[in-house]
file structure-v4.cif (mmCIF, C-alpha atoms)
data_protein
loop_
_atom_site.group_PDB
_atom_site.id
_atom_site.type_symbol
_atom_site.label_atom_id
_atom_site.label_comp_id
_atom_site.auth_asym_id
_atom_site.auth_seq_id
_atom_site.Cartn_x
_atom_site.Cartn_y
_atom_site.Cartn_z
ATOM 1 C CA MET A 1 -9.389 -0.670 -20.211
ATOM 2 C CA THR A 2 -8.605 -3.959 -21.965
ATOM 3 C CA ILE A 3 -5.173 -5.132 -23.075
ATOM 4 C CA SER A 4 -4.651 -8.420 -24.883
ATOM 5 C CA ARG A 5 -1.940 -10.853 -23.841
ATOM 6 C CA ARG A 6 -0.358 -10.375 -27.291
ATOM 7 C CA SER A 7 -0.148 -6.593 -26.942
ATOM 8 C CA LEU A 8 1.097 -7.021 -23.378
ATOM 9 C CA LEU A 9 3.912 -9.240 -24.598
ATOM 10 C CA ALA A 10 4.679 -6.780 -27.396
ATOM 11 C CA ALA A 11 4.924 -3.982 -24.868
ATOM 12 C CA SER A 12 7.199 -6.155 -22.771
ATOM 13 C CA THR A 13 9.462 -6.837 -25.745
ATOM 14 C CA SER A 14 9.622 -3.165 -26.693
ATOM 15 C CA ALA A 15 10.659 -2.353 -23.145
ATOM 16 C CA VAL A 16 13.757 -4.527 -23.210
ATOM 17 C CA ALA A 17 15.815 -1.385 -23.673
ATOM 18 C CA ALA A 18 14.620 -0.162 -20.289
ATOM 19 C CA ALA A 19 17.368 -0.294 -17.698
ATOM 20 C CA GLN A 20 17.326 -3.093 -15.171
ATOM 21 C CA PHE A 21 18.270 -2.436 -11.591
ATOM 22 C CA SER A 22 20.347 -4.715 -9.414
ATOM 23 C CA SER A 23 18.595 -6.258 -6.413
ATOM 24 C CA SER A 24 21.055 -4.516 -4.096
ATOM 25 C CA ARG A 25 20.195 -1.123 -5.589
ATOM 26 C CA LEU A 26 16.469 -1.799 -5.383
ATOM 27 C CA LEU A 27 16.747 -2.479 -1.652
ATOM 28 C CA GLU A 28 18.828 0.599 -0.924
ATOM 29 C CA ILE A 29 17.406 3.377 1.222
ATOM 30 C CA PRO A 30 15.821 5.807 -1.294
ATOM 31 C CA SER A 31 17.915 8.820 -2.153
ATOM 32 C CA SER A 32 16.605 12.363 -2.053
ATOM 33 C CA GLY A 33 14.580 13.577 -5.008
ATOM 34 C CA VAL A 34 11.178 12.871 -6.501
ATOM 35 C CA HIS A 35 10.278 9.191 -6.842
ATOM 36 C CA ASP A 36 7.814 7.606 -9.269
ATOM 37 C CA VAL A 37 4.961 5.956 -7.370
ATOM 38 C CA VAL A 38 1.770 3.976 -7.832
ATOM 39 C CA LEU A 39 -0.528 3.250 -4.886
ATOM 40 C CA ASP A 40 -2.502 0.008 -4.406
ATOM 41 C CA THR A 41 -5.164 0.403 -1.724
ATOM 42 C CA ASP A 42 -8.305 -1.200 -0.259
ATOM 43 C CA THR A 43 -9.509 2.329 0.342
ATOM 44 C CA TYR A 44 -12.926 1.643 1.869
ATOM 45 C CA ASN A 45 -11.762 -1.166 4.159
ATOM 46 C CA GLU A 46 -11.667 1.258 7.103
ATOM 47 C CA ILE A 47 -10.548 4.893 7.456
ATOM 48 C CA ASP A 48 -6.757 4.887 7.114
ATOM 49 C CA ASP A 49 -6.190 4.301 3.386
ATOM 50 C CA GLN A 50 -7.749 7.666 2.614
ATOM 51 C CA TYR A 51 -4.940 9.370 4.533
ATOM 52 C CA ALA A 52 -2.317 7.406 2.586
ATOM 53 C CA VAL A 53 -3.792 8.419 -0.789
ATOM 54 C CA ALA A 54 -3.938 12.072 0.266
ATOM 55 C CA HIS A 55 -0.484 12.051 1.889
ATOM 56 C CA ALA A 56 1.126 10.645 -1.256
ATOM 57 C CA ILE A 57 -0.558 13.053 -3.669
ATOM 58 C CA LEU A 58 0.129 16.005 -1.364
ATOM 59 C CA SER A 59 3.884 15.235 -1.359
ATOM 60 C CA PRO A 60 4.919 16.250 -4.904
ATOM 61 C CA ASP A 61 8.366 17.288 -3.692
ATOM 62 C CA LYS A 62 9.012 13.659 -2.709
ATOM 63 C CA MET A 63 6.936 11.548 -5.088
ATOM 64 C CA LYS A 64 5.042 11.714 -8.347
ATOM 65 C CA VAL A 65 1.955 9.523 -8.105
ATOM 66 C CA HIS A 66 1.150 7.990 -11.499
ATOM 67 C CA ALA A 67 -1.857 5.838 -10.557
ATOM 68 C CA VAL A 68 -4.060 4.604 -7.721
ATOM 69 C CA TYR A 69 -5.376 1.015 -7.830
ATOM 70 C CA ALA A 70 -8.392 -0.373 -5.974
ATOM 71 C CA ALA A 71 -7.592 -3.586 -4.101
ATOM 72 C CA PRO A 72 -10.150 -6.224 -3.039
ATOM 73 C CA TYR A 73 -11.090 -6.797 0.593
ATOM 74 C CA LEU A 74 -13.750 -8.655 2.570
ATOM 75 C CA ASN A 75 -14.917 -7.614 6.027
ATOM 76 C CA ASN A 76 -17.986 -6.043 7.639
ATOM 77 C CA ARG A 77 -17.766 -3.105 5.211
ATOM 78 C CA SER A 78 -18.228 -5.298 2.128
ATOM 79 C CA THR A 79 -20.293 -8.292 1.011
ATOM 80 C CA SER A 80 -17.547 -9.846 -1.129
ATOM 81 C CA ALA A 81 -14.036 -9.173 -2.351
ATOM 82 C CA ALA A 82 -15.529 -7.718 -5.542
ATOM 83 C CA ASP A 83 -17.837 -5.452 -3.561
ATOM 84 C CA GLY A 84 -14.897 -4.326 -1.421
ATOM 85 C CA MET A 85 -12.839 -3.514 -4.510
ATOM 86 C CA GLU A 86 -15.683 -1.545 -6.076
ATOM 87 C CA LYS A 87 -16.332 0.405 -2.869
ATOM 88 C CA SER A 88 -12.619 1.143 -2.670
ATOM 89 C CA TYR A 89 -12.629 2.402 -6.252
ATOM 90 C CA GLU A 90 -15.567 4.709 -5.480
ATOM 91 C CA GLU A 91 -13.791 5.998 -2.380
ATOM 92 C CA ILE A 92 -10.646 6.662 -4.420
ATOM 93 C CA LEU A 93 -12.746 8.791 -6.781
ATOM 94 C CA ARG A 94 -14.133 10.790 -3.846
ATOM 95 C CA ILE A 95 -10.668 11.457 -2.419
ATOM 96 C CA LEU A 96 -9.269 12.409 -5.827
ATOM 97 C CA SER A 97 -12.160 14.802 -6.401
ATOM 98 C CA MET A 98 -11.422 16.613 -3.135
ATOM 99 C CA LEU A 99 -7.753 16.775 -4.117
ATOM 100 C CA LYS A 100 -8.717 18.107 -7.571
ATOM 101 C CA GLN A 101 -6.813 15.221 -9.154
ATOM 102 C CA PRO A 102 -8.443 13.962 -12.395
ATOM 103 C CA ALA A 103 -9.312 10.271 -12.161
ATOM 104 C CA ALA A 104 -9.193 9.428 -15.875
ATOM 105 C CA ASN A 105 -6.220 7.136 -16.627
ATOM 106 C CA PHE A 106 -5.205 7.574 -12.985
ATOM 107 C CA ALA A 107 -7.669 5.494 -10.927
ATOM 108 C CA PHE A 108 -8.063 1.823 -11.883
ATOM 109 C CA ARG A 109 -10.268 -1.015 -10.714
ATOM 110 C CA GLY A 110 -8.392 -4.046 -9.407
ATOM 111 C CA SER A 111 -9.151 -7.706 -8.956
ATOM 112 C CA PRO A 112 -12.697 -8.792 -8.002
ATOM 113 C CA ARG A 113 -11.362 -11.797 -6.063
ATOM 114 C CA PHE A 114 -8.298 -13.140 -4.275
ATOM 115 C CA LEU A 115 -5.806 -15.542 -5.851
ATOM 116 C CA SER A 116 -7.030 -19.147 -5.881
ATOM 117 C CA ALA A 117 -3.513 -20.568 -6.270
ATOM 118 C CA PRO A 118 0.084 -19.285 -6.140
ATOM 119 C CA ASP A 119 0.403 -19.452 -9.939
ATOM 120 C CA ALA A 120 -3.035 -18.134 -10.899
ATOM 121 C CA PRO A 121 -2.816 -14.369 -11.503
ATOM 122 C CA ILE A 122 -5.991 -12.364 -12.007
ATOM 123 C CA LYS A 123 -6.130 -9.995 -14.959
ATOM 124 C CA SER A 124 -7.461 -6.576 -14.018
ATOM 125 C CA ASP A 125 -7.101 -2.999 -15.187
ATOM 126 C CA ALA A 126 -4.894 -2.320 -12.161
ATOM 127 C CA ALA A 127 -2.534 -5.261 -12.755
ATOM 128 C CA LEU A 128 -2.218 -4.450 -16.454
ATOM 129 C CA ASP A 129 -1.558 -0.786 -15.791
ATOM 130 C CA LEU A 130 1.110 -1.668 -13.233
ATOM 131 C CA ILE A 131 2.881 -3.831 -15.819
ATOM 132 C CA LYS A 132 2.667 -1.041 -18.372
ATOM 133 C CA LYS A 133 4.046 1.596 -16.023
ATOM 134 C CA ALA A 134 6.744 -0.672 -14.581
ATOM 135 C CA LEU A 135 8.115 -1.419 -18.044
ATOM 136 C CA GLN A 136 8.317 2.219 -19.070
ATOM 137 C CA PRO A 137 11.941 3.391 -19.207
ATOM 138 C CA ARG A 138 12.844 5.492 -16.195
ATOM 139 C CA PRO A 139 16.143 6.316 -14.452
ATOM 140 C CA ASN A 140 14.961 4.967 -11.085
ATOM 141 C CA PRO A 141 12.672 2.191 -9.862
ATOM 142 C CA LEU A 142 8.903 2.522 -9.684
ATOM 143 C CA TYR A 143 7.767 2.363 -6.055
ATOM 144 C CA VAL A 144 4.573 0.352 -5.583
ATOM 145 C CA LEU A 145 3.027 1.463 -2.293
ATOM 146 C CA THR A 146 0.802 -1.463 -1.328
ATOM 147 C CA VAL A 147 -1.538 -0.939 1.624
ATOM 148 C CA GLY A 148 -4.007 -3.792 1.223
ATOM 149 C CA ALA A 149 -4.069 -7.403 0.145
ATOM 150 C CA PRO A 150 -1.369 -7.589 -2.548
ATOM 151 C CA THR A 151 -3.616 -9.337 -5.094
ATOM 152 C CA ASN A 152 -3.184 -6.766 -7.871
ATOM 153 C CA VAL A 153 0.554 -6.406 -7.358
ATOM 154 C CA SER A 154 1.273 -10.137 -7.153
ATOM 155 C CA SER A 155 -0.916 -10.784 -10.204
ATOM 156 C CA ALA A 156 1.173 -8.294 -12.172
ATOM 157 C CA ILE A 157 4.396 -9.974 -11.023
ATOM 158 C CA LEU A 158 3.081 -13.406 -12.052
ATOM 159 C CA MET A 159 1.829 -12.131 -15.414
ATOM 160 C CA GLU A 160 5.069 -10.338 -16.279
ATOM 161 C CA PRO A 161 8.052 -11.352 -14.120
ATOM 162 C CA LYS A 162 10.270 -8.767 -15.862
ATOM 163 C CA ILE A 163 8.749 -6.059 -13.694
ATOM 164 C CA LYS A 164 10.604 -7.482 -10.681
ATOM 165 C CA GLU A 165 13.715 -5.819 -12.115
ATOM 166 C CA ARG A 166 11.955 -2.463 -12.285
ATOM 167 C CA ILE A 167 9.914 -2.027 -9.084
ATOM 168 C CA VAL A 168 10.149 -1.807 -5.309
ATOM 169 C CA VAL A 169 7.065 -3.010 -3.440
ATOM 170 C CA VAL A 170 6.527 -1.175 -0.151
ATOM 171 C CA TRP A 171 3.912 -3.277 1.639
ATOM 172 C CA LEU A 172 2.044 -2.781 4.870
ATOM 173 C CA GLY A 173 1.458 -6.404 5.800
ATOM 174 C CA GLY A 174 2.210 -9.210 8.224
ATOM 175 C CA GLN A 175 3.938 -9.164 11.573
ATOM 176 C CA PRO A 176 7.610 -8.981 12.638
ATOM 177 C CA HIS A 177 9.452 -12.169 11.737
ATOM 178 C CA ASP A 178 9.988 -13.176 15.362
ATOM 179 C CA TRP A 179 6.288 -12.847 16.186
ATOM 180 C CA PRO A 180 4.350 -16.030 17.053
ATOM 181 C CA THR A 181 2.044 -15.458 14.089
ATOM 182 C CA ALA A 182 2.222 -13.669 10.764
ATOM 183 C CA ARG A 183 -1.532 -13.038 10.845
ATOM 184 C CA GLU A 184 -2.615 -9.547 9.884
ATOM 185 C CA PHE A 185 -5.536 -8.364 7.766
ATOM 186 C CA ASN A 186 -3.708 -7.577 4.515
ATOM 187 C CA LEU A 187 -1.582 -10.723 4.611
ATOM 188 C CA GLN A 188 -4.331 -13.183 5.543
ATOM 189 C CA GLN A 189 -6.861 -11.815 3.032
ATOM 190 C CA ASP A 190 -4.783 -13.333 0.229
ATOM 191 C CA ILE A 191 -2.148 -15.794 1.446
ATOM 192 C CA HIS A 192 -1.160 -16.766 -2.115
ATOM 193 C CA ALA A 193 -0.515 -13.166 -3.123
ATOM 194 C CA SER A 194 1.388 -12.560 0.122
ATOM 195 C CA ARG A 195 3.619 -15.558 -0.619
ATOM 196 C CA VAL A 196 4.390 -14.148 -4.065
ATOM 197 C CA LEU A 197 5.845 -11.048 -2.403
ATOM 198 C CA PHE A 198 8.002 -13.145 -0.072
ATOM 199 C CA ASP A 199 9.022 -15.838 -2.588
ATOM 200 C CA SER A 200 9.299 -14.168 -6.013
ATOM 201 C CA GLY A 201 12.463 -12.195 -5.311
ATOM 202 C CA VAL A 202 10.814 -8.845 -6.007
ATOM 203 C CA ALA A 203 12.424 -6.024 -4.050
ATOM 204 C CA LEU A 204 10.201 -5.839 -0.979
ATOM 205 C CA VAL A 205 10.026 -3.372 1.869
ATOM 206 C CA GLN A 206 7.770 -4.955 4.474
ATOM 207 C CA ILE A 207 6.202 -2.757 7.142
ATOM 208 C CA PRO A 208 4.767 -5.000 9.872
ATOM 209 C CA THR A 209 1.909 -3.927 12.110
ATOM 210 C CA LYS A 210 2.884 -5.063 15.626
ATOM 211 C CA ASN A 211 5.404 -2.723 17.257
ATOM 212 C CA VAL A 212 5.902 -0.830 13.987
ATOM 213 C CA SER A 213 3.001 0.771 12.109
ATOM 214 C CA GLU A 214 0.735 0.411 15.138
ATOM 215 C CA HIS A 215 2.611 3.396 16.622
ATOM 216 C CA LEU A 216 0.748 5.645 14.179
ATOM 217 C CA ARG A 217 -2.184 6.382 16.499
ATOM 218 C CA THR A 218 -4.181 9.559 16.759
ATOM 219 C CA THR A 219 -7.293 10.707 18.637
ATOM 220 C CA ILE A 220 -10.478 12.687 18.089
ATOM 221 C CA PRO A 221 -9.134 15.809 19.876
ATOM 222 C CA GLU A 222 -5.978 15.723 17.751
ATOM 223 C CA VAL A 223 -7.705 15.331 14.391
ATOM 224 C CA GLU A 224 -10.268 17.944 15.419
ATOM 225 C CA ARG A 225 -7.480 20.396 16.225
ATOM 226 C CA HIS A 226 -5.441 19.783 13.099
ATOM 227 C CA MET A 227 -8.000 18.834 10.422
ATOM 228 C CA LYS A 228 -11.533 20.002 11.181
ATOM 229 C CA GLY A 229 -12.419 23.265 9.460
ATOM 230 C CA ARG A 230 -9.120 23.529 7.596
ATOM 231 C CA SER A 231 -10.147 21.999 4.269
ATOM 232 C CA LYS A 232 -12.963 20.055 2.610
ATOM 233 C CA LEU A 233 -10.849 16.920 2.710
ATOM 234 C CA GLY A 234 -9.886 17.554 6.341
ATOM 235 C CA ASP A 235 -13.562 17.821 7.293
ATOM 236 C CA TYR A 236 -14.367 14.635 5.377
ATOM 237 C CA LEU A 237 -11.618 12.666 7.113
ATOM 238 C CA TYR A 238 -12.544 14.127 10.499
ATOM 239 C CA ASP A 239 -16.195 13.109 10.070
ATOM 240 C CA GLN A 240 -15.121 9.592 9.072
ATOM 241 C CA PHE A 241 -12.923 9.408 12.177
ATOM 242 C CA VAL A 242 -15.778 10.413 14.494
ATOM 243 C CA ASP A 243 -18.228 8.032 12.799
ATOM 244 C CA TYR A 244 -15.749 5.190 13.167
ATOM 245 C CA TYR A 245 -15.468 5.924 16.877
ATOM 246 C CA LYS A 246 -19.242 6.105 17.310
ATOM 247 C CA ALA A 247 -19.675 2.740 15.605
ATOM 248 C CA GLY A 248 -17.161 1.215 17.998
ATOM 249 C CA SER A 249 -18.457 2.924 21.111
ATOM 250 C CA ALA A 250 -22.005 1.740 20.381
ATOM 251 C CA LYS A 251 -20.708 -1.770 21.018
ATOM 252 C CA ARG A 252 -18.367 -0.681 23.809
ATOM 253 C CA PRO A 253 -19.844 2.194 25.884
ATOM 254 C CA ASP A 254 -16.749 2.067 28.110
ATOM 255 C CA LEU A 255 -14.454 2.721 25.136
ATOM 256 C CA PHE A 256 -12.239 5.343 26.783
ATOM 257 C CA PRO A 257 -9.499 6.344 26.337
ATOM 258 C CA TRP A 258 -9.537 5.648 22.609
ATOM 259 C CA SER A 259 -7.157 6.114 19.691
ATOM 260 C CA LYS A 260 -7.139 4.905 16.115
ATOM 261 C CA VAL A 261 -4.175 3.573 14.147
ATOM 262 C CA ILE A 262 -3.740 5.169 10.725
ATOM 263 C CA TRP A 263 -1.668 2.216 9.556
ATOM 264 C CA ASP A 264 -1.265 2.942 5.866
ATOM 265 C CA ILE A 265 0.566 6.256 6.033
ATOM 266 C CA SER A 266 3.617 4.229 7.112
ATOM 267 C CA CYS A 267 4.362 3.259 3.483
ATOM 268 C CA VAL A 268 4.108 6.839 2.260
ATOM 269 C CA ALA A 269 6.182 8.086 5.206
ATOM 270 C CA TRP A 270 8.987 5.584 4.456
ATOM 271 C CA LEU A 271 9.398 7.095 0.992
ATOM 272 C CA ILE A 272 9.072 10.707 2.154
ATOM 273 C CA ASN A 273 11.768 10.248 4.805
ATOM 274 C CA PRO A 274 13.159 6.744 5.424
ATOM 275 C CA ALA A 275 14.522 7.915 8.790
ATOM 276 C CA TRP A 276 10.930 8.170 10.013
ATOM 277 C CA VAL A 277 10.462 4.432 9.376
ATOM 278 C CA PRO A 278 13.837 2.816 10.147
ATOM 279 C CA SER A 279 14.451 -0.563 8.569
ATOM 280 C CA LYS A 280 16.968 -3.361 8.188
ATOM 281 C CA LEU A 281 17.777 -6.099 5.691
ATOM 282 C CA ALA A 282 16.674 -9.616 6.620
ATOM 283 C CA PRO A 283 16.163 -12.970 4.859
ATOM 284 C CA SER A 284 12.707 -13.220 3.346
ATOM 285 C CA PRO A 285 10.591 -15.545 5.508
ATOM 286 C CA LEU A 286 8.599 -18.550 4.337
ATOM 287 C CA LEU A 287 4.875 -18.085 5.000
ATOM 288 C CA ASN A 288 3.288 -21.301 6.207
ATOM 289 C CA ASP A 289 -0.310 -22.452 5.768
ATOM 290 C CA ASP A 290 -0.986 -21.837 9.464
ATOM 291 C CA PHE A 291 0.115 -18.200 9.115
ATOM 292 C CA THR A 292 3.432 -18.650 10.873
ATOM 293 C CA TYR A 293 6.876 -17.830 9.518
ATOM 294 C CA THR A 294 9.760 -20.192 8.915
ATOM 295 C CA LEU A 295 13.114 -18.375 8.891
ATOM 296 C CA ARG A 296 15.920 -19.645 6.671
ATOM 297 C CA PRO A 297 19.190 -17.669 6.657
ATOM 298 C CA GLY A 298 19.992 -18.536 3.029
ATOM 299 C CA ARG A 299 16.916 -16.877 1.585
ATOM 300 C CA HIS A 300 17.108 -13.677 -0.496
ATOM 301 C CA HIS A 301 16.927 -10.438 1.453
ATOM 302 C CA ILE A 302 14.055 -8.038 1.888
ATOM 303 C CA ARG A 303 13.940 -4.795 3.868
ATOM 304 C CA VAL A 304 11.867 -4.868 7.065
ATOM 305 C CA ALA A 305 10.722 -1.785 8.993
ATOM 306 C CA THR A 306 11.411 -1.832 12.727
ATOM 307 C CA ASN A 307 9.792 1.354 14.060
ATOM 308 C CA CYS A 308 7.849 4.522 13.175
ATOM 309 C CA ASN A 309 8.480 8.096 14.286
ATOM 310 C CA ARG A 310 4.858 8.817 15.063
ATOM 311 C CA ASP A 311 5.138 12.540 15.798
ATOM 312 C CA ALA A 312 7.225 13.452 12.739
ATOM 313 C CA ILE A 313 4.893 11.532 10.413
ATOM 314 C CA PHE A 314 1.692 13.083 11.764
ATOM 315 C CA PHE A 315 3.219 16.563 11.733
ATOM 316 C CA ASP A 316 3.972 16.176 8.032
ATOM 317 C CA LEU A 317 0.528 14.702 7.302
ATOM 318 C CA PHE A 318 -1.467 17.335 9.190
ATOM 319 C CA GLU A 319 0.493 20.209 7.646
ATOM 320 C CA LYS A 320 -0.176 18.928 4.133
ATOM 321 C CA LEU A 321 -3.859 18.212 4.735
ATOM 322 C CA ALA A 322 -4.306 21.775 6.030
ATOM 323 C CA ARG A 323 -3.103 23.124 2.679
ATOM 324 C CA THR A 324 -5.638 21.282 0.505
#

call {"tool": "encode", "arguments": {"input": "structure-v4.cif", "output": "C-alpha cells"}}
result
Amino acid sequence: MTISRRSLLAASTSAVAAAQFSSSRLLEIPSSGVHDVVLDTDTYNEIDDQYAVAHAILSPDKMKVHAVYAAPYLNNRSTSAADGMEKSYEEILRILSMLKQPAANFAFRGSPRFLSAPDAPIKSDAALDLIKKALQPRPNPLYVLTVGAPTNVSSAILMEPKIKERIVVVWLGGQPHDWPTAREFNLQQDIHASRVLFDSGVALVQIPTKNVSEHLRTTIPEVERHMKGRSKLGDYLYDQFVDYYKAGSAKRPDLFPWSKVIWDISCVAWLINPAWVPSKLAPSPLLNDDFTYTLRPGRHHIRVATNCNRDAIFFDLFEKLART
C-alpha cells in the first residue's frame, strides 16, 4: 500500500465535512453500542497481545474492528525494531487465520523504526491507513487501541493533526502519575512517540501498568482449564503460555508460584465495559528525558485508568475464546 502526500492531503480536504467531536465528548465514558476500532499491537513482543487481538475481534456486540496494525519493538524476541514489527505482522496473520478473519486490507505493517525526533513522523502502511480511517465520516469517534510503542499512532497524528478531532487513543503505557518513574516497556521504547500522546492534545485514555493492568494475571492451571482443548486458538495460546513459563523456569528453577500478566486485554476490556477498568480525568503529565513525570495542573486533561476487575475481564475473555 502506497499513498502519496498529495492524495493524502486530498483525502483530508474531502473529509472536512466529517463531524468533529469536542474534547469533552471524546473523553467521556463510552456509551453502550458497537464502537469502531483499530488495534495497534507489537504482537510478537511476548504472549499477551495475541489475547487482545482475539478479544477485540470476538466482541462484535461491543466493537467493530476495522484494522490491526503491527507496531515495532526491540527485545530478546527481535533483532531490531524492524524485525520486531515484521514478526508482529506475521503473528497477526496467524491469529487472524485462526479467527477466520481475512487479512487483506485488514492487517497492515507499521513503522520499521522508532521516532528519531518529536516532529519526525514515519510513513508506514499502518499510519496511512489510520489517517484514512480516522477521516472517514462516522457518527462516533474511532477508538485506537494501542498496546505497544505508539510509533504508528503518533506518526499518524503528526502527519495529519486533523485526526485528533476524530479519534480516542486507548493506550497501555507508562506508570501512574504519582509513581517515582514513568518507565514501562511501551513508553520507553519510543519516548518521542509517547510524548506526542501526552502533548498533542489527542483524546487519550492511559492505562498504566503498576497497580492497574498488572492485576490481569493468570496461571497455567487456569488457562489449561478454560482454553486447552476448547478451540484451535485456545490450544495455540495455551501452548504459548506453557512455553513462556518453561523459558523462564529454565533460568529460575525455583519459579513457583508463578503467574503471567496478560497486560494488553486491559484496553479491550475498557471499551467492552468501562466499569471493569475504572478511570478518572487528570492533567496530562510532562514526560521528562529521565523517564519521570512533571505534573502541571493547567495542562489539558486525559483519562487515566486506576484499577482492573481481573475476574470479570478473564471471565469474558475465556468465554469468548471457547467459542472460536

call {"tool": "resolve_selection", "arguments": {"input": "structure-v4.cif", "expression": "the PyMOL selection byres ((chain A and resi 54) around 9)", "output": "PyMOL selection string"}}
result
chain A and resi 49-53+55-59+95-96+99+233+317+320-321

call {"tool": "resolve_selection", "arguments": {"input": "structure-v4.cif", "expression": "the PyMOL selection byres ((chain A and resi 272-285) around 8)", "output": "ChimeraX atom specification"}}
result
/A:29-30,59,62-63,177,198-199,266,268-271,286-287,293-310,312-313

call {"tool": "atom_distance", "arguments": {"input": "structure-v4.cif", "atom1": "CA of Arg225 (chain A)", "atom2": "CA of Leu237 (chain A)"}}
result
12.6 Å

call {"tool": "atom_distance", "arguments": {"input": "structure-v4.cif", "atom1": "CA of Pro112 (chain A)", "atom2": "CA of Pro72 (chain A)"}}
result
6.1 Å

call {"tool": "closest_residue", "arguments": {"input": "structure-v4.cif", "among": "A:Val38, A:Ala182, A:Val147, A:Val196", "to": "Ala126 (chain A)", "atoms": "all atoms listed in the file"}}
result
A:Val38

call {"tool": "atom_distance", "arguments": {"input": "structure-v4.cif", "atom1": "CA of Lys64 (chain A)", "atom2": "CA of Lys133 (chain A)"}}
result
12.7 Å

call {"tool": "resolve_selection", "arguments": {"input": "structure-v4.cif", "expression": "the PyMOL selection byres ((chain A and resi 185) around 9)", "output": "MDAnalysis selection string"}}
result
chainID A and resid 148:149 173:174 183:184 186:189

call {"tool": "write_last_selection", "arguments": {"input": "structure-v4.cif", "atoms": "C-alpha atoms", "output": "mmCIF file, in the coordinates of the input"}}
result
data_model
loop_
_atom_site.group_PDB
_atom_site.id
_atom_site.type_symbol
_atom_site.label_atom_id
_atom_site.label_comp_id
_atom_site.auth_asym_id
_atom_site.auth_seq_id
_atom_site.Cartn_x
_atom_site.Cartn_y
_atom_site.Cartn_z
ATOM 1 C CA GLY A 148 -4.007 -3.792 1.223
ATOM 2 C CA ALA A 149 -4.069 -7.403 0.145
ATOM 3 C CA GLY A 173 1.458 -6.404 5.800
ATOM 4 C CA GLY A 174 2.210 -9.210 8.224
ATOM 5 C CA ARG A 183 -1.532 -13.038 10.845
ATOM 6 C CA GLU A 184 -2.615 -9.547 9.884
ATOM 7 C CA ASN A 186 -3.708 -7.577 4.515
ATOM 8 C CA LEU A 187 -1.582 -10.723 4.611
ATOM 9 C CA GLN A 188 -4.331 -13.183 5.543
ATOM 10 C CA GLN A 189 -6.861 -11.815 3.032
#

call {"tool": "residues_near_point", "arguments": {"input": "structure-v4.cif", "point": "(-6.0, 2.8, -4.4)", "cutoff": "7 Å", "atoms": "only C-alpha atoms", "output": "list of chain:residue names"}}
result
A:Leu39, A:Asp40, A:Thr41, A:Asp42, A:Thr43, A:Val68, A:Tyr69, A:Ala70, A:Ala71, A:Tyr89, A:Ile92

call {"tool": "residues_around", "arguments": {"input": "structure-v4.cif", "residues": "Thr219 (chain A)", "least_positions_apart": "2", "cutoff": "8 Å", "atoms": "all atoms listed in the file", "output": "PyMOL selection string"}}
result
chain A and resi 217+221-223+258-260

call {"tool": "closest_residue", "arguments": {"input": "structure-v4.cif", "among": "A:Tyr236, A:Glu319, A:Gln20, A:Ala134", "to": "Met98 (chain A)", "atoms": "all atoms listed in the file"}}
result
A:Tyr236

call {"tool": "axis_aligned_box", "arguments": {"input": "structure-v4.cif", "around": "region 129-133 of chain A", "padding_each_side": "4 Å", "output": "AutoDock Vina command-line options"}}
result
--center_x 1.2 --center_y -1.1 --center_z -15.8 --size_x 13.6 --size_y 13.4 --size_z 13.1
